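Novice: Hey, dropping upload-v2.csv in here, CSV, C-alpha atoms and all ligand atoms:
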chain,number,residue,atom,x,y,z
Z,263,MET,CA,67.5,209.8,183.8
Z,264,LYS,CA,66.8,213.5,183.7
Z,265,ALA,CA,64.9,214.9,186.7
Z,266,VAL,CA,64.0,218.2,188.2
Z,267,LYS,CA,65.6,218.7,191.6
Z,268,VAL,CA,63.2,220.5,193.9
Z,269,PRO,CA,63.0,221.2,197.6
Z,270,LEU,CA,60.6,218.8,199.4
Z,271,LYS,CA,58.2,221.6,200.3
Z,272,GLN,CA,57.6,222.4,196.6
Z,273,LEU,CA,57.5,218.8,195.4
Z,274,ASN,CA,53.8,218.3,195.2
Z,275,THR,CA,53.0,221.7,193.6
Z,276,LEU,CA,55.7,221.2,191.0
Z,277,ARG,CA,54.7,217.6,190.3
Z,278,LYS,CA,51.1,218.8,189.5
Z,279,GLU,CA,52.5,221.6,187.4
Z,280,LEU,CA,54.7,219.3,185.3
Z,281,MET,CA,51.9,216.7,184.9
Z,282,GLY,CA,49.5,219.5,183.8
Z,283,LYS,CA,52.0,220.6,181.2
Z,284,LYS,CA,52.6,217.0,180.2
Z,285,ILE,CA,56.4,217.2,180.6
Z,286,MET,CA,56.7,214.8,183.6
Z,287,ASP,CA,58.0,211.4,182.4
Z,288,MET,CA,55.2,209.1,183.6
Z,289,ASP,CA,57.2,205.9,183.1
Z,290,TYR,CA,59.4,206.6,186.1
Z,291,LYS,CA,58.8,207.0,189.9
Z,292,ILE,CA,59.6,210.2,191.8
Z,293,LYS,CA,62.3,209.7,194.4
Z,294,THR,CA,63.2,211.8,197.5
Z,295,ASP,CA,66.1,212.2,199.9
Z,296,GLU,CA,66.3,214.2,203.1
Z,297,TYR,CA,65.9,217.6,201.5
Z,298,PHE,CA,65.0,217.2,197.8
Z,299,GLY,CA,62.6,215.5,195.5
Z,300,TYR,CA,63.5,214.3,192.0
Z,301,ILE,CA,60.8,214.5,189.4
Z,302,PRO,CA,61.4,212.7,186.0
Z,303,ILE,CA,61.1,215.1,183.1
Z,304,ILE,CA,61.1,214.8,179.3
Z,305,GLU,CA,62.6,218.2,178.6
Z,306,ASN,CA,66.2,219.4,179.1
Z,307,GLU,CA,65.3,222.4,181.3
Z,308,TYR,CA,62.4,223.8,183.3
Z,309,GLY,CA,62.5,227.5,184.4
Z,310,SER,CA,65.2,228.1,186.9
Z,311,TYR,CA,65.0,224.6,188.4
Z,312,GLU,CA,68.1,222.5,188.5
Z,313,ILE,CA,68.0,219.5,186.1
Z,314,VAL,CA,70.1,216.5,187.3
Z,315,ASP,CA,71.0,213.1,185.9
Z,316,THR,CA,69.9,210.5,188.5
Z,317,GLU,CA,68.7,206.9,188.7
Z,318,LEU,CA,64.9,206.5,189.0
Z,319,ASP,CA,62.8,203.3,189.3
Z,320,LEU,CA,60.6,202.3,186.4
Z,321,LEU,CA,56.9,202.4,187.1
Z,322,LYS,CA,55.0,199.2,186.6
Z,323,ARG,CA,52.5,200.3,183.9
Z,324,GLN,CA,49.0,198.9,184.1
Z,325,PRO,CA,47.7,197.6,180.7
Z,326,GLN,CA,45.2,200.0,179.2
Z,327,ASN,CA,43.2,197.1,177.6
Z,328,PHE,CA,43.4,193.4,177.5
Z,329,LYS,CA,44.9,193.5,174.0
Z,330,GLU,CA,48.1,194.8,175.5
Z,331,LEU,CA,48.4,191.6,177.6
Z,332,LEU,CA,48.2,189.5,174.4
Z,333,GLU,CA,51.0,191.4,172.5
Z,334,ASN,CA,53.4,188.4,172.9
Z,335,SER,CA,50.8,185.7,172.1
Z,336,LEU,CA,49.0,187.1,169.0
Z,337,ASN,CA,50.4,188.4,165.7
Z,338,LYS,CA,49.2,191.6,164.1
Z,339,ASN,CA,46.4,190.0,162.0
Z,340,GLU,CA,45.2,188.0,165.0
Z,341,MET,CA,45.2,191.2,167.1
Z,342,ASN,CA,43.0,192.8,164.5
Z,343,ASP,CA,40.5,190.0,164.7
Z,344,LEU,CA,40.3,190.2,168.5
Z,345,LYS,CA,37.1,191.8,169.9
Z,346,ASN,CA,37.7,194.6,172.3
Z,347,SER,CA,34.6,194.2,174.4
Z,348,PHE,CA,33.1,191.6,176.6
Z,349,ASP,CA,30.1,191.1,178.9
Z,350,VAL,CA,30.6,191.1,182.7
Z,351,ILE,CA,28.0,189.3,184.8
Z,352,GLY,CA,28.9,189.4,188.4
Z,353,ASP,CA,32.3,187.7,188.7
Z,354,ILE,CA,32.0,186.1,185.3
Z,355,VAL,CA,33.3,187.5,182.0
Z,356,ILE,CA,31.8,186.2,178.7
Z,357,VAL,CA,33.9,186.7,175.6
Z,358,GLU,CA,33.3,186.2,171.9
Z,359,ILE,CA,36.2,184.7,170.1
Z,360,PRO,CA,36.2,184.7,166.3
Z,361,PRO,CA,36.9,181.2,164.6
Z,362,SER,CA,40.3,182.4,163.5
Z,363,LEU,CA,41.4,182.8,167.1
Z,364,VAL,CA,39.8,179.7,168.7
Z,365,SER,CA,43.3,178.0,168.9
Z,366,LYS,CA,44.4,180.9,171.1
Z,367,LYS,CA,41.4,180.7,173.4
Z,368,LYS,CA,43.4,179.8,176.5
Z,369,ASP,CA,45.8,182.8,176.0
Z,370,ILE,CA,42.8,185.1,175.5
Z,371,GLY,CA,41.0,183.7,178.5
Z,372,LYS,CA,44.1,184.2,180.8
Z,373,ALA,CA,44.5,187.8,179.5
Z,374,THR,CA,40.8,188.5,180.1
Z,375,LEU,CA,40.9,187.0,183.6
Z,376,LYS,CA,44.0,189.1,184.5
Z,377,PHE,CA,42.7,192.3,183.0
Z,378,SER,CA,39.1,192.0,184.4
Z,379,LYS,CA,40.2,190.7,187.8
Z,380,LYS,CA,37.0,188.5,187.8
Z,381,LYS,CA,36.8,184.8,188.7
Z,382,SER,CA,35.9,183.0,185.5
Z,383,VAL,CA,36.0,183.6,181.8
Z,384,TYR,CA,33.6,181.7,179.5
Z,385,MET,CA,33.6,181.9,175.7
Z,386,LYS,CA,30.4,181.9,173.6
Z,387,ARG,CA,30.0,178.6,171.9
Z,388,SER,CA,26.8,179.3,170.1
Z,389,THR,CA,24.2,182.0,169.4
Z,390,ILE,CA,21.3,182.4,171.8
Z,391,HIS,CA,19.0,179.6,170.8
Z,392,GLY,CA,15.8,177.6,171.5
Z,393,MET,CA,12.7,178.5,173.5
Z,394,THR,CA,14.6,179.3,176.7
Z,395,ARG,CA,17.0,181.7,174.8
Z,396,ILE,CA,20.2,180.3,176.4
Z,397,ARG,CA,23.7,180.1,174.9
Z,398,ASP,CA,26.3,177.3,174.9
Z,399,LEU,CA,29.4,178.4,176.8
Z,400,GLU,CA,32.9,177.0,177.4
Z,401,LEU,CA,35.1,177.8,180.4
Z,402,ILE,CA,38.5,179.1,179.1
Z,403,ALA,CA,40.0,180.5,182.3
Z,404,GLY,CA,39.5,180.7,186.0
Z,405,ILE,CA,37.2,178.6,188.1
Z,406,ASN,CA,34.2,176.6,186.7
Z,407,ASN,CA,31.3,178.1,188.5
Z,408,PRO,CA,28.6,179.4,186.2
Z,409,VAL,CA,26.5,180.8,189.2
Z,410,THR,CA,27.0,184.4,190.1
Z,411,ILE,CA,25.3,187.5,191.6
Z,412,TYR,CA,25.0,190.5,189.3
Z,413,LYS,CA,24.1,193.9,190.7
Z,414,GLU,CA,22.2,196.8,189.1
Z,415,HIS,CA,19.9,199.6,190.2
Z,416,ASN,CA,19.9,198.7,193.8
Z,417,THR,CA,19.0,195.1,193.0
Z,418,ARG,CA,20.9,191.8,193.2
Z,419,LEU,CA,20.3,189.0,190.6
Z,420,LYS,CA,21.5,185.5,191.1
Z,421,LEU,CA,21.7,183.4,188.0
Z,422,ASN,CA,23.5,180.5,186.2
Z,423,VAL,CA,24.9,181.8,182.9
Z,424,GLU,CA,24.7,178.3,181.4
Z,425,LYS,CA,21.0,177.7,182.3
Z,426,VAL,CA,19.2,180.9,181.8
Z,427,TYR,CA,19.0,184.0,179.6
Z,428,PHE,CA,20.5,187.2,181.0
Z,429,SER,CA,21.8,190.3,179.4
Z,430,PRO,CA,23.6,193.1,181.3
Z,431,ARG,CA,23.2,195.2,178.2
Z,432,LEU,CA,19.5,195.7,179.0
Z,433,ALA,CA,20.3,197.5,182.3
Z,434,THR,CA,19.4,201.0,180.9
Z,435,GLU,CA,16.2,199.7,179.4
Z,436,ARG,CA,15.2,198.1,182.8
Z,437,LYS,CA,15.9,201.4,184.5
Z,438,ARG,CA,13.9,203.3,181.9
Z,439,ILE,CA,10.9,201.0,182.4
Z,440,SER,CA,11.2,201.1,186.2
Z,441,ASP,CA,11.3,204.9,186.2
Z,442,SER,CA,8.1,205.0,184.0
Z,443,VAL,CA,6.1,202.8,186.4
Z,444,ILE,CA,3.5,204.5,188.5
Z,445,GLU,CA,2.3,203.7,192.0
Z,446,ASN,CA,0.2,200.6,192.5
Z,447,GLU,CA,0.5,199.3,188.9
Z,448,ARG,CA,-0.5,195.7,188.2
Z,449,ILE,CA,2.3,194.3,186.0
Z,450,LEU,CA,2.7,191.1,184.0
Z,451,ASP,CA,6.2,190.2,183.0
Z,452,MET,CA,5.3,187.7,180.3
Z,453,PHE,CA,8.8,186.3,179.7
Z,454,CYS,CA,10.4,187.1,183.0
Z,455,GLY,CA,13.6,185.0,183.0
Z,456,VAL,CA,15.4,185.3,186.4
Z,457,GLY,CA,13.3,188.4,186.9
Z,458,PRO,CA,15.6,191.4,186.0
Z,459,PHE,CA,12.7,193.6,184.9
Z,460,SER,CA,10.4,192.4,187.7
Z,461,CYS,CA,13.0,192.7,190.5
Z,462,VAL,CA,14.3,196.1,189.4
Z,463,ILE,CA,10.8,197.5,189.1
Z,464,SER,CA,9.6,195.9,192.4
Z,465,LYS,CA,12.7,197.1,194.3
Z,466,ASN,CA,12.1,200.7,193.2
Z,467,ASN,CA,8.3,200.9,193.1
Z,468,ASN,CA,5.2,200.0,195.1
Z,469,VAL,CA,3.5,197.6,192.6
Z,470,LYS,CA,2.1,194.1,192.1
Z,471,ILE,CA,3.9,191.8,189.6
Z,472,ILE,CA,3.3,188.4,188.1
Z,473,GLY,CA,6.3,187.0,186.2
Z,474,VAL,CA,5.9,183.9,183.9
Z,475,ASP,CA,8.7,181.9,182.3
Z,476,ILE,CA,8.8,178.5,180.5
Z,477,ASN,CA,12.4,177.8,181.8
Z,478,ASN,CA,12.2,176.1,185.2
Z,479,ASP,CA,15.8,177.2,186.0
Z,480,ALA,CA,14.9,180.8,185.3
Z,481,ILE,CA,11.9,180.6,187.7
Z,482,LYS,CA,14.1,178.9,190.3
Z,483,TYR,CA,16.5,181.9,190.3
Z,484,PHE,CA,13.6,184.3,190.0
Z,485,LYS,CA,12.3,182.9,193.3
Z,486,GLU,CA,15.8,183.2,194.9
Z,487,ASN,CA,16.0,186.8,193.7
Z,488,ILE,CA,12.7,187.7,195.2
Z,489,LYS,CA,14.1,186.5,198.6
Z,490,LEU,CA,17.6,188.0,198.0
Z,491,ASN,CA,16.0,191.5,197.5
Z,492,LYS,CA,13.3,191.0,200.1
Z,493,LEU,CA,10.6,191.8,197.6
Z,494,LYS,CA,6.8,191.7,198.2
Z,495,ASN,CA,3.8,191.4,196.0
Z,496,ILE,CA,5.6,189.5,193.3
Z,497,LYS,CA,4.6,186.1,192.1
Z,498,PRO,CA,6.6,183.8,189.8
Z,499,ILE,CA,4.8,181.2,187.6
Z,500,HIS,CA,6.5,178.5,185.7
Z,501,GLY,CA,4.9,177.7,182.4
Z,502,ASP,CA,4.1,178.6,178.8
Z,503,ILE,CA,2.4,182.0,178.9
Z,504,LYS,CA,-0.2,180.7,176.3
Z,505,GLU,CA,-1.3,178.1,178.9
Z,506,VAL,CA,-0.8,180.2,182.1
Z,507,TYR,CA,-2.9,182.8,180.3
Z,508,GLU,CA,-6.0,180.6,180.9
Z,509,ASP,CA,-5.5,181.2,184.6
Z,510,LEU,CA,-4.8,184.9,184.3
Z,511,LYS,CA,-7.9,185.6,182.1
Z,512,SER,CA,-9.9,187.0,185.0
Z,513,LEU,CA,-7.2,189.6,185.8
Z,514,LYS,CA,-6.3,192.9,184.2
Z,515,PHE,CA,-2.8,194.4,184.1
Z,516,ASP,CA,-1.7,198.1,183.8
Z,517,ARG,CA,1.5,197.1,182.2
Z,518,ILE,CA,2.7,194.0,180.2
Z,519,ILE,CA,6.4,193.6,179.5
Z,520,MET,CA,7.1,191.4,176.4
Z,521,ASN,CA,10.8,190.9,176.3
Z,522,LEU,CA,11.0,188.0,173.9
Z,523,PRO,CA,12.1,190.1,170.9
Z,524,GLY,CA,12.2,187.2,168.3
Z,525,LEU,CA,8.7,186.0,169.0
Z,526,ALA,CA,6.8,188.6,171.1
Z,527,TYR,CA,4.5,189.3,168.1
Z,528,SER,CA,2.9,185.8,168.5
Z,529,PHE,CA,1.8,186.7,172.0
Z,530,LEU,CA,0.2,190.0,171.2
Z,531,GLU,CA,-3.3,188.5,171.3
Z,532,GLN,CA,-2.8,187.4,174.9
Z,533,ALA,CA,-1.4,190.7,175.8
Z,534,PHE,CA,-4.3,192.6,174.3
Z,535,ASP,CA,-6.8,190.4,176.2
Z,536,LEU,CA,-5.0,190.9,179.6
Z,537,ILE,CA,-4.2,194.6,179.4
Z,538,ALA,CA,-6.5,197.1,181.3
Z,539,ASP,CA,-7.8,200.2,179.5
Z,540,ASN,CA,-5.1,202.9,179.6
Z,541,GLY,CA,-2.5,200.1,180.2
Z,542,ILE,CA,0.9,200.1,178.6
Z,543,VAL,CA,2.4,197.2,176.6
Z,544,ASN,CA,6.2,197.3,176.6
Z,545,TYR,CA,6.8,195.4,173.3
Z,546,TYR,CA,10.2,194.3,171.9
Z,547,GLU,CA,11.3,193.1,168.5
Z,548,PHE,CA,14.5,192.4,166.5
Z,549,SER,CA,14.2,194.6,163.5
Z,550,ASN,CA,15.9,197.2,161.2
Z,551,SER,CA,13.0,199.7,161.7
Z,552,TYR,CA,10.1,200.4,163.9
Z,553,ASN,CA,7.5,200.0,161.1
Z,554,GLN,CA,6.9,196.2,161.4
Z,555,ALA,CA,6.5,196.3,165.2
Z,556,ILE,CA,4.1,199.2,165.1
Z,557,LYS,CA,2.1,197.5,162.2
Z,558,ARG,CA,1.8,194.3,164.3
Z,559,ILE,CA,0.5,196.2,167.3
Z,560,GLU,CA,-1.9,198.2,165.1
Z,561,ASP,CA,-3.2,195.1,163.4
Z,562,MET,CA,-3.9,193.4,166.8
Z,563,ALA,CA,-5.7,196.6,168.0
Z,564,LEU,CA,-7.9,196.4,164.9
Z,565,GLN,CA,-8.6,192.7,165.5
Z,566,LYS,CA,-9.4,193.4,169.2
Z,567,ASN,CA,-11.3,196.6,168.4
Z,568,LYS,CA,-9.1,198.7,170.7
Z,569,LYS,CA,-7.5,202.1,170.2
Z,570,ILE,CA,-3.8,202.4,170.6
Z,571,LYS,CA,-1.3,205.2,170.9
Z,572,ILE,CA,2.4,204.7,170.4
Z,573,ILE,CA,3.9,206.7,173.3
Z,574,ASN,CA,7.6,205.8,172.8
Z,575,LYS,CA,9.9,203.9,170.6
Z,576,ARG,CA,13.7,203.4,170.8
Z,577,LYS,CA,16.6,201.3,169.9
Z,578,VAL,CA,17.7,199.3,173.0
Z,579,LYS,CA,20.9,197.8,171.5
Z,580,SER,CA,22.4,196.8,168.2
Z,581,VAL,CA,22.2,193.0,167.6
Z,582,SER,CA,24.0,192.8,164.2
Z,583,PRO,CA,24.8,195.2,161.5
Z,584,GLY,CA,21.6,197.1,160.7
Z,585,GLN,CA,19.5,195.0,163.1
Z,586,TYR,CA,18.4,196.3,166.5
Z,587,HIS,CA,16.6,195.2,169.6
Z,588,ILE,CA,13.8,197.8,169.4
Z,589,ALA,CA,11.3,198.8,172.0
Z,590,ILE,CA,7.8,200.1,171.4
Z,591,ASP,CA,5.6,201.4,174.3
Z,592,ALA,CA,1.9,201.3,173.3
Z,593,LYS,CA,-1.0,202.7,175.4
Z,594,ILE,CA,-4.1,200.6,174.9
Z,595,ASN,CA,-7.6,202.0,174.9
Z,596,TYR,CA,-6.4,205.3,176.2
E,601,LIG,C1,14.9,187.1,176.0
E,601,LIG,S1,14.6,186.2,177.4
E,601,LIG,C2,14.2,187.5,178.5
E,601,LIG,C3,14.2,187.2,180.0
E,601,LIG,C4,14.1,188.4,180.9
E,601,LIG,N1,12.9,189.1,180.6
E,601,LIG,C5,15.3,189.2,180.8
E,601,LIG,O1,15.2,190.4,180.3
E,601,LIG,O2,16.4,188.8,181.2
E,601,LIG,C6,13.0,185.5,177.0
E,601,LIG,C7,12.5,184.5,178.1
E,601,LIG,O3,11.2,184.0,177.6
E,601,LIG,C8,11.1,182.7,178.1
E,601,LIG,N2,10.0,182.1,177.2
E,601,LIG,C9,10.1,181.7,175.9
E,601,LIG,N3,8.9,181.3,175.5
E,601,LIG,C10,8.0,181.4,176.5
E,601,LIG,C11,6.7,181.1,176.6
E,601,LIG,N4,6.0,180.6,175.7
E,601,LIG,N5,6.1,181.4,177.8
E,601,LIG,C12,6.8,181.9,178.9
E,601,LIG,N6,8.1,182.1,178.8
E,601,LIG,C13,8.7,181.9,177.6
E,601,LIG,C14,12.5,182.1,177.9
E,601,LIG,O4,12.6,181.0,178.8
E,601,LIG,C15,13.4,183.3,178.4
E,601,LIG,O5,13.7,183.2,179.7
Could you write out this file's structure as structure tokens?
Ligand SMILES: C[S@@+](CC[C@H](N)C(=O)[O-])C[C@H]1O[C@@H](n2cnc3c(N)ncnc32)[C@H](O)[C@@H]1O
Specialist:
Amino acid sequence: MKAVKVPLKQLNTLRKELMGKKIMDMDYKIKTDEYFGYIPIIENEYGSYEIVDTELDLLKRQPQNFKELLENSLNKNEMNDLKNSFDVIGDIVIVEIPPSLVSKKKDIGKATLKFSKKKSVYMKRSTIHGMTRIRDLELIAGINNPVTIYKEHNTRLKLNVEKVYFSPRLATERKRISDSVIENERILDMFCGVGPFSCVISKNNNVKIIGVDINNDAIKYFKENIKLNKLKNIKPIHGDIKEVYEDLKSLKFDRIIMNLPGLAYSFLEQAFDLIADNGIVNYYEFSNSYNQAIKRIEDMALQKNKKIKIINKRKVKSVSPGQYHIAIDAKINY
């Protein structure tokens, strides 16, 4: 193995120099003796330095992605089918495995576990479905414990990935909403789940929040998360918002969060009845454009005889080719 022989005093400076010039051989370890260091090099000469032929240990290279760990288990076509990304929720990884690779799920699970250094790997077994918006999962590697604690924006969220909806991909959206909240807002989180919007907002702002969800498990974790984060002025309610609405009718809210993108439009009437003048509705929809969502908000405004102003619109994430989880912020009776 070719190496530059260098007095120990100059070893570090020369190492940096060779790395910078990309002529150090990164597959081997530098070795030293009493007076000299030996830096592996890919060229035959370097300035006036002595180049020697010596034995150097191979470096154990870390895999750059989990595909590299599967090189011996999958053929080239299977490798092409493999998805590169996965969701990490606390110490759980959730992967999507295409039908052509289901027979290799254990290998994929093991590689994901090793690469991610997390405790469990579950594969998606269905799309998100039903009223509670949960997904079927199957453990493919690691320990079978679907309960975990996820951290974001100074907040900890405990949840069971099999029993509740949760998406780490909405973290930026939660931060955006939390940052737009003003002091003392009264907030209704219509479809709160385990409380990610409510908890992040409450942890970072002085506000009053009511969160409603039809999934009893989600409300159970929401209550735990309120304790976990030592939050105040935040009230979880289990139930269907259309029924809970009857008890909330006497209240007004400065902000209503409607993160049920497939069906939020069917709750706009309740949102318009509960929103205070100058209040903001954070409305979500799955769509290929903003037009349908804006039209639905405008139609409801007409029906309720209220003025609206669209103050912001954005694509939160892509859900399928051409389809997005979109967000519209509408100010009501401004
Ligand atoms: C897409 S998830 C969002 C949960 C949470 N906001 C989040 O971002 O993680 C929608 C939530 O709405 C709840 N849900 C569905 N229909 C409901 C209804 N009629 N009333 C109250 N909650 C409902 C589901 O149980 C689910 O937890």
Novice: Please write out the residues within 7 Å of ligand LIG 601 (chain E) as a PyMOL selection string, counting all atoms listed in the file.
Specialist: chain Z and resi 393-395+426-429+432+452-459+474-477+480+501-504+521-523
Novice: Which of these, Z:Gly371, Z:Thr389, Z:Asn468, Z:Ile285, has the shortest distance to Z:Ser582 once you count all atoms listed in the file?
Specialist: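 Among the listed residues, Z:Thr389 lies closest to Z:Ser582.
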Novice: Using only C-alpha atoms, which of the listed residues (Z:Lys470, Z:Lys571, Z:Lys413, Z:Lys380) sits closest to Z:Asp516?
Specialist: Z:Lys470
Novice: Report the distance between atom CA of Z:Phe348 and atom CA of Z:Asn416 in Å, rounded to one decimal place.
Specialist: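 Atom-to-atom, atom CA of Z:Phe348 and atom CA of Z:Asn416 are spaced 22.8 Å apart.
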Novice: Choose the residue, out of Z:Val266, Z:Ile405, Z:Leu490, Z:Ile301, that has the smallest atom-to-atom separation from Z:Thr417; count all atoms listed in the file.
Specialist: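 Among the listed residues, the smallest separation from Z:Thr417 belongs to Z:Leu490.
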Novice: So that I can see what lies close to stretch 324-334 of chain Z, please list as a list of chain:residue names the residues with an atom at most 8 Å from it, counting only C-alpha atoms and leaving out residues fewer than 2 positions away in the same chain.
Specialist: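 My list of contacting residues is Z:Lys322, Z:Leu336, Z:Asn337, Z:Met341, Z:Leu344, Z:Asn346, Z:Asp369, Z:Ile370, Z:Ala373, Z:Thr374, Z:Phe377.
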Novice: Any chance you could export the current selection's C-alpha atoms as an mmCIF file, keeping the file's coordinate frame?
Specialist:
data_model
loop_
_atom_site.group_PDB
_atom_site.id
_atom_site.type_symbol
_atom_site.label_atom_id
_atom_site.label_comp_id
_atom_site.auth_asym_id
_atom_site.auth_seq_id
_atom_site.Cartn_x
_atom_site.Cartn_y
_atom_site.Cartn_z
ATOM 1 C CA LYS Z 322 55.000 199.200 186.600
ATOM 2 C CA LEU Z 336 49.000 187.100 169.000
ATOM 3 C CA ASN Z 337 50.400 188.400 165.700
ATOM 4 C CA MET Z 341 45.200 191.200 167.100
ATOM 5 C CA LEU Z 344 40.300 190.200 168.500
ATOM 6 C CA ASN Z 346 37.700 194.600 172.300
ATOM 7 C CA ASP Z 369 45.800 182.800 176.000
ATOM 8 C CA ILE Z 370 42.800 185.100 175.500
ATOM 9 C CA ALA Z 373 44.500 187.800 179.500
ATOM 10 C CA THR Z 374 40.800 188.500 180.100
ATOM 11 C CA PHE Z 377 42.700 192.300 183.000
#
